[in-house]
file my_file_17.cif (mmCIF, C-alpha atoms and all ligand atoms)
data_upload
#
loop_
_atom_site.label_atom_id
_atom_site.label_comp_id
_atom_site.auth_asym_id
_atom_site.auth_seq_id
_atom_site.Cartn_x
_atom_site.Cartn_y
_atom_site.Cartn_z
CA MET A 1 -126.23 -69.22 -13.27
CA SER A 2 -129.70 -68.17 -14.40
CA LYS A 3 -132.23 -70.81 -15.41
CA ARG A 4 -132.50 -71.55 -19.13
CA TYR A 5 -135.95 -72.01 -20.62
CA GLU A 6 -136.63 -74.28 -23.59
CA PRO A 7 -138.90 -73.14 -26.44
CA LEU A 8 -142.57 -73.85 -25.72
CA THR A 9 -143.84 -77.27 -26.84
CA PRO A 10 -147.31 -77.97 -25.46
CA PRO A 11 -148.68 -81.47 -26.12
CA HIS A 12 -151.30 -82.17 -28.78
CA ARG A 13 -154.60 -83.12 -27.16
CA ILE A 14 -158.05 -84.15 -28.22
CA LEU A 15 -160.06 -81.59 -26.27
CA LEU A 16 -163.33 -83.16 -25.13
CA GLY A 17 -163.69 -81.20 -21.92
CA PRO A 18 -165.96 -78.27 -21.08
CA GLY A 19 -163.74 -75.95 -23.15
CA PRO A 20 -161.48 -74.93 -24.74
CA SER A 21 -162.14 -77.03 -27.82
CA ASN A 22 -159.62 -77.90 -30.53
CA VAL A 23 -158.67 -75.00 -32.76
CA PRO A 24 -158.59 -75.54 -36.55
CA PRO A 25 -155.22 -74.88 -38.27
CA ALA A 26 -156.56 -71.82 -40.16
CA VAL A 27 -157.44 -70.19 -36.84
CA THR A 28 -154.05 -71.00 -35.33
CA ALA A 29 -152.40 -69.59 -38.46
CA ALA A 30 -154.39 -66.36 -38.10
CA LEU A 31 -152.82 -65.87 -34.65
CA GLY A 32 -149.45 -65.69 -36.38
CA ALA A 33 -150.49 -63.12 -39.02
CA PRO A 34 -148.62 -59.79 -38.87
CA VAL A 35 -149.79 -57.56 -36.05
CA ILE A 36 -150.86 -54.17 -37.39
CA GLY A 37 -152.11 -51.05 -35.65
CA HIS A 38 -155.54 -51.04 -34.09
CA LEU A 39 -156.51 -47.98 -36.16
CA ASP A 40 -154.91 -49.22 -39.41
CA PRO A 41 -157.58 -49.14 -42.16
CA ALA A 42 -156.78 -52.80 -42.92
CA PHE A 43 -157.58 -53.70 -39.30
CA LEU A 44 -160.74 -51.59 -39.28
CA ALA A 45 -161.89 -53.65 -42.28
CA VAL A 46 -161.26 -56.85 -40.28
CA MET A 47 -163.30 -55.44 -37.40
CA GLU A 48 -166.20 -54.75 -39.73
CA GLU A 49 -166.09 -58.29 -41.06
CA VAL A 50 -166.00 -59.68 -37.53
CA GLN A 51 -169.07 -57.66 -36.57
CA GLU A 52 -170.92 -58.73 -39.71
CA MET A 53 -170.10 -62.40 -39.14
CA LEU A 54 -170.96 -62.19 -35.44
CA ARG A 55 -174.39 -60.81 -36.36
CA ALA A 56 -174.87 -63.77 -38.72
CA VAL A 57 -173.83 -66.32 -36.06
CA LEU A 58 -175.90 -64.67 -33.32
CA ARG A 59 -178.82 -64.31 -35.77
CA THR A 60 -179.30 -60.63 -35.11
CA GLU A 61 -179.49 -57.31 -36.89
CA ASN A 62 -178.23 -55.50 -33.78
CA ARG A 63 -175.79 -52.75 -34.73
CA PHE A 64 -174.34 -53.08 -31.24
CA THR A 65 -172.56 -56.41 -31.74
CA LEU A 66 -168.85 -56.85 -31.03
CA PRO A 67 -166.25 -59.03 -29.27
CA VAL A 68 -165.41 -57.83 -25.75
CA SER A 69 -161.71 -58.20 -24.84
CA GLY A 70 -161.65 -60.98 -22.25
CA THR A 71 -163.07 -64.45 -21.81
CA GLY A 72 -166.73 -65.46 -21.44
CA SER A 73 -166.82 -64.08 -17.89
CA ALA A 74 -165.92 -60.65 -19.29
CA GLY A 75 -168.97 -60.99 -21.54
CA MET A 76 -171.08 -61.89 -18.50
CA GLU A 77 -169.72 -58.96 -16.54
CA ALA A 78 -170.11 -56.56 -19.48
CA ALA A 79 -173.74 -57.63 -19.96
CA LEU A 80 -174.60 -57.13 -16.29
CA VAL A 81 -172.63 -54.02 -15.34
CA ASN A 82 -173.98 -52.08 -18.31
CA VAL A 83 -177.68 -52.63 -17.62
CA LEU A 84 -177.71 -52.77 -13.83
CA GLU A 85 -177.57 -49.75 -11.55
CA PRO A 86 -177.54 -49.90 -7.75
CA GLY A 87 -180.99 -50.88 -6.46
CA ASP A 88 -182.23 -52.36 -9.78
CA ARG A 89 -183.97 -55.69 -9.50
CA ILE A 90 -182.71 -58.69 -11.47
CA LEU A 91 -184.20 -62.16 -11.61
CA VAL A 92 -181.55 -64.81 -12.25
CA CYS A 93 -182.41 -68.38 -13.21
CA VAL A 94 -180.02 -70.60 -11.26
CA ASN A 95 -179.45 -74.29 -11.98
CA GLY A 96 -175.66 -74.50 -11.97
CA ILE A 97 -172.37 -72.71 -11.46
CA PHE A 98 -172.79 -70.10 -14.17
CA GLY A 99 -176.19 -68.92 -12.93
CA GLU A 100 -174.47 -68.55 -9.54
CA ARG A 101 -171.71 -66.49 -11.16
CA MET A 102 -174.33 -64.14 -12.64
CA CYS A 103 -175.78 -63.68 -9.13
CA ASP A 104 -172.33 -62.87 -7.76
CA ILE A 105 -171.72 -60.20 -10.41
CA ALA A 106 -175.25 -58.74 -10.09
CA ALA A 107 -174.80 -58.44 -6.31
CA ARG A 108 -171.48 -56.65 -6.84
CA CYS A 109 -173.38 -54.16 -9.06
CA GLY A 110 -175.56 -53.35 -6.03
CA ALA A 111 -178.59 -54.93 -7.68
CA GLU A 112 -181.45 -56.44 -5.74
CA LEU A 113 -181.34 -60.12 -6.56
CA GLU A 114 -184.14 -62.61 -6.99
CA ARG A 115 -183.20 -66.22 -7.72
CA VAL A 116 -185.48 -68.72 -9.43
CA GLU A 117 -183.85 -72.08 -8.94
CA ALA A 118 -184.07 -75.55 -10.44
CA PRO A 119 -182.20 -78.66 -9.32
CA TRP A 120 -178.78 -79.12 -10.95
CA GLY A 121 -179.51 -81.23 -14.03
CA SER A 122 -182.97 -79.75 -14.74
CA PRO A 123 -184.04 -76.65 -16.67
CA VAL A 124 -185.71 -73.71 -14.95
CA ASP A 125 -189.51 -73.73 -15.16
CA PRO A 126 -190.88 -70.69 -17.06
CA ALA A 127 -194.03 -70.82 -14.88
CA ALA A 128 -191.85 -70.19 -11.80
CA VAL A 129 -190.32 -67.17 -13.55
CA ARG A 130 -193.79 -65.87 -14.47
CA ARG A 131 -194.94 -66.26 -10.86
CA ALA A 132 -191.87 -64.48 -9.50
CA LEU A 133 -192.27 -61.58 -11.93
CA ALA A 134 -195.99 -61.28 -11.17
CA ALA A 135 -195.16 -60.99 -7.47
CA SER A 136 -192.40 -58.45 -8.06
CA PRO A 137 -191.24 -57.09 -11.44
CA ALA A 138 -187.58 -56.96 -12.40
CA LYS A 139 -185.55 -54.87 -14.82
CA VAL A 140 -183.68 -57.92 -16.14
CA VAL A 141 -184.32 -61.66 -16.40
CA ALA A 142 -181.04 -63.53 -16.86
CA VAL A 143 -180.46 -67.15 -17.81
CA VAL A 144 -177.74 -69.52 -19.02
CA HIS A 145 -178.62 -71.24 -22.29
CA ALA A 146 -176.29 -74.25 -21.96
CA GLU A 147 -175.30 -74.70 -18.29
CA THR A 148 -171.79 -76.10 -18.68
CA SER A 149 -171.67 -77.34 -15.09
CA THR A 150 -174.67 -79.66 -15.58
CA GLY A 151 -175.22 -80.22 -19.32
CA VAL A 152 -178.74 -78.77 -19.42
CA LEU A 153 -179.98 -76.83 -22.46
CA GLN A 154 -182.53 -74.28 -21.31
CA PRO A 155 -185.42 -73.56 -23.74
CA LEU A 156 -185.48 -69.79 -24.22
CA PRO A 157 -188.55 -68.49 -26.12
CA GLU A 158 -191.03 -68.99 -23.27
CA LEU A 159 -188.70 -67.29 -20.79
CA ALA A 160 -188.26 -64.37 -23.21
CA GLU A 161 -192.04 -64.00 -23.40
CA ALA A 162 -192.34 -64.12 -19.61
CA ALA A 163 -189.70 -61.40 -19.25
CA HIS A 164 -191.18 -59.12 -21.91
CA ALA A 165 -194.73 -59.55 -20.60
CA ARG A 166 -193.51 -57.78 -17.43
CA GLY A 167 -191.31 -55.22 -19.20
CA ALA A 168 -187.99 -56.88 -18.29
CA LEU A 169 -184.94 -57.21 -20.50
CA PHE A 170 -184.07 -60.79 -21.41
CA LEU A 171 -180.35 -61.53 -20.94
CA VAL A 172 -178.81 -64.82 -22.14
CA ASP A 173 -175.47 -66.52 -21.53
CA ALA A 174 -174.62 -68.36 -24.75
CA VAL A 175 -170.97 -69.03 -23.88
CA THR A 176 -171.28 -72.76 -24.48
CA SER A 177 -174.26 -72.93 -26.84
CA LEU A 178 -173.34 -70.43 -29.55
CA ALA A 179 -172.77 -72.19 -32.90
CA GLY A 180 -173.49 -75.61 -31.35
CA ALA A 181 -177.28 -75.44 -30.88
CA PRO A 182 -180.02 -73.23 -32.31
CA LEU A 183 -179.91 -69.73 -30.89
CA GLU A 184 -182.02 -66.96 -32.42
CA THR A 185 -181.24 -63.61 -30.81
CA ASP A 186 -183.80 -61.56 -32.73
CA ALA A 187 -186.50 -64.14 -33.41
CA TRP A 188 -186.58 -65.24 -29.76
CA GLY A 189 -186.51 -61.69 -28.38
CA ILE A 190 -183.14 -61.85 -26.62
CA ASP A 191 -182.16 -58.32 -25.59
CA ILE A 192 -178.59 -59.04 -24.49
CA CYS A 193 -176.57 -62.10 -25.41
CA TYR A 194 -172.91 -62.86 -24.77
CA SER A 195 -170.68 -65.79 -25.54
CA GLY A 196 -167.05 -66.92 -25.49
CA THR A 197 -164.69 -67.88 -28.28
CA GLN A 198 -163.31 -71.16 -26.92
CA LYS A 199 -166.31 -73.46 -27.08
CA CYS A 200 -168.36 -74.16 -30.23
CA LEU A 201 -166.65 -71.35 -32.15
CA SER A 202 -163.35 -73.26 -31.81
CA CYS A 203 -161.15 -70.23 -31.35
CA PRO A 204 -158.72 -69.85 -28.41
CA PRO A 205 -160.16 -68.34 -25.22
CA GLY A 206 -159.81 -64.57 -25.04
CA LEU A 207 -162.82 -62.81 -26.56
CA ALA A 208 -166.48 -62.57 -25.60
CA PRO A 209 -168.89 -61.82 -28.43
CA ILE A 210 -171.76 -59.68 -27.16
CA THR A 211 -174.87 -58.12 -28.65
CA PHE A 212 -177.28 -55.49 -27.30
CA GLY A 213 -180.72 -55.09 -28.89
CA PRO A 214 -182.65 -51.79 -29.16
CA ARG A 215 -184.40 -52.17 -25.77
CA ALA A 216 -181.07 -52.80 -24.04
CA VAL A 217 -179.42 -49.85 -25.81
CA GLU A 218 -182.25 -47.62 -24.60
CA VAL A 219 -181.60 -48.77 -21.03
CA LEU A 220 -177.90 -47.97 -21.49
CA GLU A 221 -178.69 -44.51 -22.80
CA LYS A 222 -181.00 -43.76 -19.87
CA ARG A 223 -178.57 -44.74 -17.11
CA LYS A 224 -178.45 -42.29 -14.21
CA THR A 225 -175.09 -43.53 -12.91
CA ARG A 226 -171.85 -44.29 -14.71
CA VAL A 227 -171.11 -47.94 -15.50
CA GLN A 228 -169.14 -49.35 -12.54
CA SER A 229 -166.43 -50.73 -14.82
CA TRP A 230 -164.44 -48.35 -17.03
CA TYR A 231 -162.95 -51.21 -19.06
CA LEU A 232 -166.31 -52.82 -19.83
CA ASP A 233 -168.34 -49.62 -20.32
CA MET A 234 -170.10 -50.41 -23.59
CA THR A 235 -170.80 -46.79 -24.46
CA LEU A 236 -167.04 -46.16 -24.46
CA ILE A 237 -166.19 -49.41 -26.25
CA LEU A 238 -168.75 -48.69 -28.94
CA LYS A 239 -166.95 -45.45 -29.79
CA TYR A 240 -164.09 -47.65 -31.05
CA TRP A 241 -166.26 -50.36 -32.63
CA GLY A 242 -168.67 -47.79 -34.13
CA PRO A 243 -168.04 -45.15 -36.85
CA ASP A 244 -166.08 -42.77 -34.55
CA ARG A 245 -163.11 -45.18 -34.12
CA VAL A 246 -162.04 -43.48 -30.90
CA TYR A 247 -159.29 -45.27 -28.97
CA HIS A 248 -160.55 -46.95 -25.78
CA HIS A 249 -158.10 -49.80 -25.20
CA THR A 250 -155.68 -51.45 -27.60
CA ALA A 251 -157.65 -54.14 -29.39
CA PRO A 252 -156.20 -57.67 -29.03
CA ILE A 253 -155.32 -57.73 -32.73
CA SER A 254 -154.25 -61.38 -33.05
CA MET A 255 -157.29 -62.70 -31.21
CA ILE A 256 -159.57 -60.68 -33.46
CA TYR A 257 -157.81 -62.18 -36.49
CA ALA A 258 -158.38 -65.63 -34.99
CA LEU A 259 -162.05 -64.92 -34.33
CA ARG A 260 -162.45 -63.71 -37.90
CA GLU A 261 -161.15 -67.03 -39.19
CA ALA A 262 -163.19 -69.06 -36.69
CA LEU A 263 -166.37 -67.24 -37.72
CA ARG A 264 -165.54 -67.67 -41.39
CA ILE A 265 -165.24 -71.44 -40.83
CA VAL A 266 -168.55 -71.54 -38.92
CA LEU A 267 -170.36 -69.73 -41.72
CA GLU A 268 -168.68 -71.83 -44.40
CA GLU A 269 -170.06 -74.96 -42.74
CA GLY A 270 -173.43 -73.24 -42.25
CA LEU A 271 -175.08 -72.73 -38.88
CA GLU A 272 -177.85 -75.27 -39.44
CA ALA A 273 -175.35 -77.90 -40.60
CA ARG A 274 -173.19 -77.18 -37.55
CA TRP A 275 -176.14 -77.49 -35.15
CA GLU A 276 -177.08 -80.77 -36.84
CA ARG A 277 -173.50 -82.09 -36.54
CA HIS A 278 -173.50 -81.33 -32.82
CA ARG A 279 -176.84 -83.11 -32.41
CA ARG A 280 -175.73 -86.17 -34.41
CA VAL A 281 -172.33 -86.59 -32.71
CA HIS A 282 -173.89 -86.07 -29.26
CA GLN A 283 -176.36 -88.87 -29.96
CA ALA A 284 -173.52 -91.17 -31.09
CA LEU A 285 -171.69 -90.44 -27.82
CA VAL A 286 -174.75 -91.10 -25.65
CA ARG A 287 -175.50 -94.35 -27.51
CA GLY A 288 -171.91 -95.53 -27.05
CA LEU A 289 -171.81 -94.62 -23.37
CA GLN A 290 -175.13 -96.31 -22.66
CA LYS A 291 -173.94 -99.44 -24.46
CA MET A 292 -170.99 -99.50 -22.04
CA GLY A 293 -173.39 -99.26 -19.10
CA PHE A 294 -172.98 -95.55 -18.26
CA SER A 295 -175.95 -93.26 -17.49
CA MET A 296 -176.44 -89.59 -18.22
CA LEU A 297 -177.24 -87.02 -15.49
CA VAL A 298 -179.72 -85.07 -17.61
CA ALA A 299 -183.03 -86.34 -19.05
CA GLU A 300 -182.90 -86.84 -22.80
CA ALA A 301 -185.16 -83.88 -23.68
CA ASP A 302 -183.06 -81.43 -21.63
CA ARG A 303 -179.57 -82.36 -22.83
CA ALA A 304 -177.21 -79.79 -24.32
CA PRO A 305 -175.53 -81.58 -27.23
CA MET A 306 -172.16 -79.90 -26.78
CA ILE A 307 -171.72 -80.71 -23.05
CA ASN A 308 -172.55 -84.18 -21.81
CA THR A 309 -172.64 -85.06 -18.12
CA VAL A 310 -172.08 -88.75 -17.42
CA LEU A 311 -172.67 -90.27 -13.98
CA VAL A 312 -169.53 -91.83 -12.55
CA PRO A 313 -170.30 -95.40 -11.43
CA GLU A 314 -170.21 -96.01 -7.68
CA GLY A 315 -166.69 -96.79 -6.43
CA MET A 316 -164.88 -95.58 -9.56
CA ASP A 317 -162.09 -93.04 -9.10
CA GLU A 318 -163.25 -90.48 -11.64
CA ALA A 319 -160.09 -88.34 -11.47
CA ALA A 320 -157.89 -91.40 -12.07
CA VAL A 321 -159.89 -92.26 -15.19
CA ARG A 322 -159.53 -88.72 -16.52
CA ARG A 323 -155.81 -88.81 -15.84
CA LYS A 324 -155.42 -92.13 -17.67
CA LEU A 325 -157.35 -90.78 -20.67
CA LEU A 326 -155.06 -87.76 -20.79
CA ASP A 327 -151.79 -89.62 -20.31
CA GLY A 328 -152.67 -92.70 -22.37
CA ALA A 329 -154.76 -91.34 -25.23
CA GLY A 330 -154.14 -87.59 -25.09
CA ILE A 331 -157.86 -87.03 -24.52
CA GLU A 332 -159.11 -84.39 -22.11
CA ILE A 333 -162.53 -84.68 -20.50
CA GLY A 334 -163.78 -82.63 -17.55
CA GLY A 335 -164.74 -83.49 -13.98
CA GLY A 336 -167.76 -82.25 -12.07
CA LEU A 337 -168.01 -78.77 -10.58
CA GLY A 338 -169.52 -77.69 -7.26
CA ALA A 339 -172.21 -80.09 -6.09
CA LEU A 340 -171.32 -82.50 -8.93
CA LYS A 341 -167.61 -82.74 -8.06
CA GLY A 342 -166.55 -86.38 -8.09
CA LYS A 343 -169.99 -87.47 -9.33
CA VAL A 344 -169.90 -86.77 -13.08
CA TRP A 345 -167.61 -86.45 -16.04
CA ARG A 346 -168.28 -83.59 -18.42
CA ILE A 347 -167.64 -84.54 -22.02
CA GLY A 348 -167.56 -81.62 -24.41
CA LEU A 349 -168.34 -82.00 -28.09
CA MET A 350 -167.69 -78.47 -29.21
CA GLY A 351 -166.91 -77.04 -32.63
CA ALA A 352 -163.93 -78.71 -34.28
CA SER A 353 -163.74 -81.26 -31.43
CA CYS A 354 -167.24 -82.49 -32.21
CA THR A 355 -166.59 -85.40 -34.58
CA GLU A 356 -167.59 -89.05 -34.81
CA GLU A 357 -163.87 -90.01 -34.87
CA ASN A 358 -163.29 -88.26 -31.55
CA VAL A 359 -166.29 -90.03 -30.02
CA GLU A 360 -164.93 -93.40 -31.21
CA ALA A 361 -161.46 -92.58 -29.86
CA LEU A 362 -162.91 -91.59 -26.50
CA LEU A 363 -165.15 -94.65 -26.17
CA ALA A 364 -162.25 -96.96 -27.05
CA ALA A 365 -159.93 -95.24 -24.59
CA LEU A 366 -162.59 -95.28 -21.88
CA ALA A 367 -163.18 -99.02 -22.42
CA ALA A 368 -159.45 -99.60 -21.99
CA VAL A 369 -159.02 -97.61 -18.75
CA ARG A 370 -162.25 -98.07 -16.78
C1 LIG A 401 -172.06 -71.07 -19.49
C2 LIG A 401 -170.78 -70.37 -19.18
N1 LIG A 401 -170.82 -69.07 -18.87
C3 LIG A 401 -169.69 -68.39 -18.59
C4 LIG A 401 -168.46 -69.00 -18.62
C5 LIG A 401 -167.24 -68.23 -18.28
O1 LIG A 401 -166.38 -68.17 -19.37
P1 LIG A 401 -164.79 -68.05 -19.20
O2 LIG A 401 -164.32 -69.21 -18.42
O3 LIG A 401 -164.35 -68.05 -20.64
O4 LIG A 401 -164.53 -66.74 -18.54
C6 LIG A 401 -168.38 -70.35 -18.94
C7 LIG A 401 -167.08 -71.05 -18.96
O5 LIG A 401 -166.98 -72.24 -19.01
C8 LIG A 401 -169.56 -71.04 -19.23
O6 LIG A 401 -169.53 -72.34 -19.56
#
call {"tool": "encode", "arguments": {"input": "my_file_17.cif", "output": "structure tokens"}}
result
Amino acid sequence: MSKRYEPLTPPHRILLGPGPSNVPPAVTAALGAPVIGHLDPAFLAVMEEVQEMLRAVLRTENRFTLPVSGTGSAGMEAALVNVLEPGDRILVCVNGIFGERMCDIAARCGAELERVEAPWGSPVDPAAVRRALAASPAKVVAVVHAETSTGVLQPLPELAEAAHARGALFLVDAVTSLAGAPLETDAWGIDICYSGTQKCLSCPPGLAPITFGPRAVEVLEKRKTRVQSWYLDMTLILKYWGPDRVYHHTAPISMIYALREALRIVLEEGLEARWERHRRVHQALVRGLQKMGFSMLVAEADRAPMINTVLVPEGMDEAAVRRKLLDGAGIEIGGGLGALKGKVWRIGLMGASCTEENVEALLAALAAVR
């Protein structure tokens, strides 16, 4: 007899890990809205609204702003494969897992890679980037804004200046930071910026907002070789997201509905108010943790408010604590990645998950299980 499967009933969780974050009911409801054709005029109108709202959230006027089909890594890959051709030089700032991932993708593009590193838990020094560019220019300088593996928020304007002073494009990973901390694509001179839907936007994982500024578009137009990836070739994708509306791949209709609702909620709250909420709730968490005797990995001035790395006390079984939080209180927090495996917890305060009530629930649960 064949196996019988029950209807799906995932548990309700308080998501305080490195992503995904909790999804507001209006966004979940949007996922269930009727699927219509990807060239239906009603859907084209939704696409236009999504692009408009993405520009507002990314603080840009860039025409070339859209959600790539795929998670944050698809955004990373789209950003890199479109501007890099074999033999191009890229300087990547590396202070955690996601800087490493950029290096991996850039190498697969056949790019010549220069790494400027900082210890995990510290930001990259703009002076080191200036020195590296003075010694050997690069086509692209790439950096992660909020390094989710360490909890560091990288200041961007000085790096943008360093890149532009040497004629390089400035490429930023805002997967974790977007809508949770100030990010000014145009005012800071970011040429390419990508993000993901599942962090501070509080939408399910599945889309990667991306924007290309005029300098980056010029680079795209002057390519000598075809983009290595057909699926992520922005010149093809833009034919669907631009006025031509030429089919490239079937748009993930329901995810785009969900993103529309998530963006609407972000703008209804107001970006400044949302940044301030993330800052305030982060401080409440840090205060509470310190009162319990825990220490943070990252120095106060360098902390990303939406991803908090807490040092696991000597002798404590960090995985067992996480498991007890999940089983006992329905709260998810993250463990360490790479070099920080077993040494830190990563507590996300992202989007709808970022509330004082969630911080109180976590601190109480942590006090009970430690
Ligand atoms: C900073 C950063 N960049 C890129 C990614 C990759 O995104 P995804 O896992 O959605 O593919 C993540 C995911 O956590 C991230 O935190």
call {"tool": "residues_around", "arguments": {"input": "my_file_17.cif", "residues": "region 85-91 of chain A", "least_positions_apart": "4", "cutoff": "7 Å", "atoms": "only C-alpha atoms", "output": "MDAnalysis selection string"}}
result
chainID A and resid 109:115 138:142 225
call {"tool": "residues_around", "arguments": {"input": "my_file_17.cif", "residues": "Asn308 (chain A)", "least_positions_apart": "4", "cutoff": "6 Å", "atoms": "only C-alpha atoms", "output": "VMD selection string"}}
result
chain A and resid 151 346 to 347
call {"tool": "closest_atom_pairs", "arguments": {"input": "my_file_17.cif", "of": "chain A", "to": "ligand LIG 401 (chain A)", "cutoff": "6 Å", "atoms": "all atoms listed in the file", "output": "CSV"}}
result
residue,atom,partner,partner_atom,distance
A:Thr71,CA,A:LIG401,O3,4.0
A:Gly72,CA,A:LIG401,O1,3.4
A:Ser73,CA,A:LIG401,O4,3.6
A:Phe98,CA,A:LIG401,N1,5.2
A:Val144,CA,A:LIG401,C1,5.9
A:Ala146,CA,A:LIG401,C1,5.8
A:Glu147,CA,A:LIG401,C1,5.0
A:Thr148,CA,A:LIG401,O6,4.5
A:Asp173,CA,A:LIG401,N1,5.9
A:Val175,CA,A:LIG401,C2,4.9
A:Thr176,CA,A:LIG401,O6,5.2
A:Gly196,CA,A:LIG401,O3,5.7
call {"tool": "closest_residue", "arguments": {"input": "my_file_17.cif", "among": "A:Leu236, A:Leu31, A:Val219, A:Cys193", "to": "Val57 (chain A)", "atoms": "all atoms listed in the file"}}
result
A:Cys193
call {"tool": "closest_residue", "arguments": {"input": "my_file_17.cif", "among": "A:Gln51, A:Thr355, A:Thr211, A:Gln290", "to": "Tyr194 (chain A)", "atoms": "only C-alpha atoms"}}
result
A:Thr211
call {"tool": "residues_around", "arguments": {"input": "my_file_17.cif", "residues": "Pro24 (chain A)", "least_positions_apart": "6", "cutoff": "10 Å", "atoms": "all atoms listed in the file", "output": "ChimeraX atom specification"}}
result
/A:202-204,261-262,265,351-353
call {"tool": "atom_distance", "arguments": {"input": "my_file_17.cif", "atom1": "CA of Lys324 (chain A)", "atom2": "CA of Met350 (chain A)"}}
result
21.7 Å
call {"tool": "atom_distance", "arguments": {"input": "my_file_17.cif", "atom1": "CA of Ala160 (chain A)", "atom2": "CA of Glu300 (chain A)"}}
result
23.1 Å
call {"tool": "closest_residue", "arguments": {"input": "my_file_17.cif", "among": "A:His12, A:Arg63, A:Arg303, A:His38", "to": "Ser177 (chain A)", "atoms": "all atoms listed in the file"}}
result
A:Arg303
call {"tool": "closest_residue", "arguments": {"input": "my_file_17.cif", "among": "A:Val81, A:Val172, A:Met47, A:Val68", "to": "Val227 (chain A)", "atoms": "all atoms listed in the file"}}
result
A:Val81
call {"tool": "residues_around", "arguments": {"input": "my_file_17.cif", "residues": "Val35 (chain A)", "least_positions_apart": "5", "cutoff": "10 Å", "atoms": "all atoms listed in the file", "output": "ChimeraX atom specification"}}
result
/A:43,252-254,257
call {"tool": "closest_residue", "arguments": {"input": "my_file_17.cif", "among": "A:Val246, A:Ala42, A:Leu16, A:Ile97", "to": "Gly334 (chain A)", "atoms": "only C-alpha atoms"}}
result
A:Leu16
